[in-house]
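**Q** I have a structure I would like to understand better, so I am pasting it below and will then ask my questions one at a time.
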Amino acid sequence: ISALLCLAVLSTLGVSAQTIHPGKCPEPPVQQNFDVPRYMGRWHEIQKLPAFFQKGKCAQATYTLGDGVVKVVNDELLSIEGTAKPTDPSEPAKLEVTFFPGAPAGNYWVLKTDYDNYTLVYGCSNLGGVYANYAWILSRSRTLPEETVAELRATLTSSGIIIDKLTDSEQTGCESMPK
């Protein structure tokens, strides 16, 4: 039964352009001395590993802090709100994000950021012998210098994260998006 369940999950995720790999999730190092208040504000998606829950263009996320919880608003074709909170106060760069009550939380690990220009985010779910991972290169503006993108891609690779499906995100024609 577990083999059939695993096959069903893989089939569903595979059709959804998910990145599935054998084994367990890599555990890359996260941003040291992560400053949650400095991280708040708007971030635009520059590159990503494909995810079934992202299909549009002009993807952006806005984070606001209140009562120890980060409010998350993701805008794309649709807008969705959720919350994020650190899983361990000693590692505030490791957050869990939830968008639906009762749904399992997803990892949101800030691997690297300068707070003003770029951030590199990683998430991963173990699925019984395989894992699905996510990665986002985000910027405070709708563009990011290619040298910065290359540096962030190298950070993923050096952490054992497979990036062969990392794709550019469409950030043109976004004038109607929330400012």
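In the structure tokens, the first chain shown is A, the next is B, and so on; residue numbers restart at 1 for each chain, and ligands run from 1 in the order shown.
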Would you mind listing what lies within 7 Å of region 129-139 of chain A as a VMD selection string, with only C-alpha atoms counted and same-chain residues fewer than 2 positions away left out?
**A** chain A and resid 18 to 25 43 to 49 51 117 to 127 141 to 144
**Q** With N, CA, C and O atoms retained, write the just-selected residues as a CSV table (one decimal), in the first residue's frame.
**A**
```
chain,number,residue,atom,x,y,z
A,18,GLN,N,6.7,19.5,-10.4
A,18,GLN,CA,7.4,19.5,-9.2
A,18,GLN,C,8.8,18.9,-9.4
A,18,GLN,O,9.0,18.1,-10.2
A,19,THR,N,9.8,19.3,-8.5
A,19,THR,CA,11.1,18.7,-8.6
A,19,THR,C,11.2,17.7,-7.5
A,19,THR,O,11.2,18.0,-6.3
A,20,ILE,N,11.2,16.4,-7.9
A,20,ILE,CA,11.3,15.2,-7.1
A,20,ILE,C,12.6,14.6,-7.2
A,20,ILE,O,13.1,14.4,-8.3
A,21,HIS,N,13.2,14.1,-6.1
A,21,HIS,CA,14.5,13.5,-6.1
A,21,HIS,C,14.5,12.3,-5.2
A,21,HIS,O,13.8,12.4,-4.1
A,22,PRO,N,15.3,11.3,-5.4
A,22,PRO,CA,15.4,10.2,-4.5
A,22,PRO,C,16.2,10.6,-3.2
A,22,PRO,O,17.0,11.5,-3.3
A,23,GLY,N,15.8,10.0,-2.1
A,23,GLY,CA,16.6,10.3,-0.9
A,23,GLY,C,15.8,11.2,0.1
A,23,GLY,O,14.6,11.3,0.0
A,24,LYS,N,16.6,11.9,0.9
A,24,LYS,CA,16.0,12.8,1.9
A,24,LYS,C,16.4,14.3,1.5
A,24,LYS,O,17.4,14.5,0.8
A,25,CYS,N,15.7,15.2,2.0
A,25,CYS,CA,15.9,16.6,1.8
A,25,CYS,C,17.3,17.0,2.2
A,25,CYS,O,17.8,16.6,3.3
A,43,TRP,N,9.1,41.4,-1.8
A,43,TRP,CA,10.1,40.7,-2.6
A,43,TRP,C,9.5,40.2,-3.9
A,43,TRP,O,8.4,39.7,-3.9
A,44,HIS,N,10.3,40.3,-5.0
A,44,HIS,CA,9.8,39.8,-6.3
A,44,HIS,C,10.6,38.6,-6.7
A,44,HIS,O,11.8,38.5,-6.5
A,45,GLU,N,9.9,37.6,-7.3
A,45,GLU,CA,10.5,36.4,-7.7
A,45,GLU,C,11.3,36.6,-9.0
A,45,GLU,O,10.8,37.0,-10.0
A,46,ILE,N,12.5,36.2,-8.9
A,46,ILE,CA,13.4,36.3,-10.1
A,46,ILE,C,13.6,34.9,-10.7
A,46,ILE,O,13.5,34.8,-11.9
A,47,GLN,N,13.9,33.9,-9.9
A,47,GLN,CA,14.0,32.5,-10.4
A,47,GLN,C,13.3,31.6,-9.3
A,47,GLN,O,13.3,31.9,-8.2
A,48,LYS,N,12.9,30.4,-9.8
A,48,LYS,CA,12.3,29.4,-8.9
A,48,LYS,C,12.5,28.0,-9.4
A,48,LYS,O,12.7,27.8,-10.6
A,49,LEU,N,12.4,27.0,-8.5
A,49,LEU,CA,12.2,25.6,-8.9
A,49,LEU,C,10.7,25.5,-9.1
A,49,LEU,O,10.0,26.1,-8.3
A,51,ALA,N,6.9,24.7,-9.0
A,51,ALA,CA,6.0,24.3,-7.9
A,51,ALA,C,4.6,24.3,-8.3
A,51,ALA,O,4.2,25.2,-9.1
A,117,ASN,N,18.6,43.9,-1.3
A,117,ASN,CA,18.6,43.6,-2.8
A,117,ASN,C,18.1,42.2,-3.1
A,117,ASN,O,17.3,42.0,-4.0
A,118,TYR,N,18.6,41.2,-2.4
A,118,TYR,CA,18.3,39.8,-2.7
A,118,TYR,C,18.0,38.9,-1.5
A,118,TYR,O,18.5,39.2,-0.4
A,119,THR,N,17.4,37.8,-1.8
A,119,THR,CA,17.2,36.8,-0.8
A,119,THR,C,17.2,35.4,-1.5
A,119,THR,O,16.7,35.4,-2.6
A,120,LEU,N,17.6,34.4,-0.9
A,120,LEU,CA,17.6,33.0,-1.4
A,120,LEU,C,16.9,32.2,-0.4
A,120,LEU,O,17.2,32.1,0.8
A,121,VAL,N,15.8,31.6,-0.8
A,121,VAL,CA,14.9,30.8,0.0
A,121,VAL,C,14.8,29.4,-0.4
A,121,VAL,O,14.8,29.1,-1.6
A,122,TYR,N,14.7,28.4,0.5
A,122,TYR,CA,14.7,27.0,0.2
A,122,TYR,C,13.6,26.3,1.1
A,122,TYR,O,13.4,26.7,2.2
A,123,GLY,N,12.9,25.4,0.5
A,123,GLY,CA,12.0,24.6,1.2
A,123,GLY,C,12.0,23.1,0.7
A,123,GLY,O,12.3,22.9,-0.5
A,124,CYS,N,11.7,22.2,1.5
A,124,CYS,CA,11.7,20.8,1.1
A,124,CYS,C,10.8,19.9,1.9
A,124,CYS,O,10.6,20.2,3.1
A,125,SER,N,10.2,18.9,1.3
A,125,SER,CA,9.3,18.0,2.0
A,125,SER,C,9.8,16.6,1.7
A,125,SER,O,9.9,16.2,0.5
A,126,ASN,N,10.0,15.8,2.8
A,126,ASN,CA,10.3,14.4,2.6
A,126,ASN,C,9.0,13.6,2.4
A,126,ASN,O,8.0,13.8,3.0
A,127,LEU,N,9.1,12.7,1.4
A,127,LEU,CA,7.9,12.0,1.0
A,127,LEU,C,8.1,10.5,1.0
A,127,LEU,O,7.8,9.8,0.0
A,141,SER,N,13.5,44.4,-6.2
A,141,SER,CA,13.0,45.0,-7.5
A,141,SER,C,12.7,43.8,-8.4
A,141,SER,O,12.9,42.7,-8.1
A,142,ARG,N,12.1,44.1,-9.5
A,142,ARG,CA,11.7,43.1,-10.5
A,142,ARG,C,12.9,42.5,-11.3
A,142,ARG,O,12.7,41.7,-12.2
A,143,THR,N,14.1,43.0,-11.1
A,143,THR,CA,15.2,42.5,-11.7
A,143,THR,C,16.4,42.3,-10.7
A,143,THR,O,16.3,42.9,-9.6
A,144,LEU,N,17.4,41.6,-11.1
A,144,LEU,CA,18.5,41.3,-10.2
A,144,LEU,C,19.7,41.1,-11.1
A,144,LEU,O,19.6,40.4,-12.2
```
**Q** Please return, as a ChimeraX atom specification, all residues of region 3-146 of chain A that DSSP assigns to strand (DSSP E) on the basis of the backbone.
**A** /A:19-22,41-48,60-66,69-75,79-86,94-98,106-113,118-126,130-139
**Q** Mind listing the helix (DSSP H, G or I) residues of chain A, per DSSP on the backbone, as a VMD selection string?
**A** chain A and resid 2 to 15 36 to 39 146 to 158
**Q** Excluding Arg153 (chain A) and any residue of its chain fewer than 3 positions from it, enumerate the residues within 9 Å of it, using only C-alpha atoms, and give them as an NGL selection string.
**A** :A and (120 or 137 or 148-150 or 156-158 or 163 or 166)
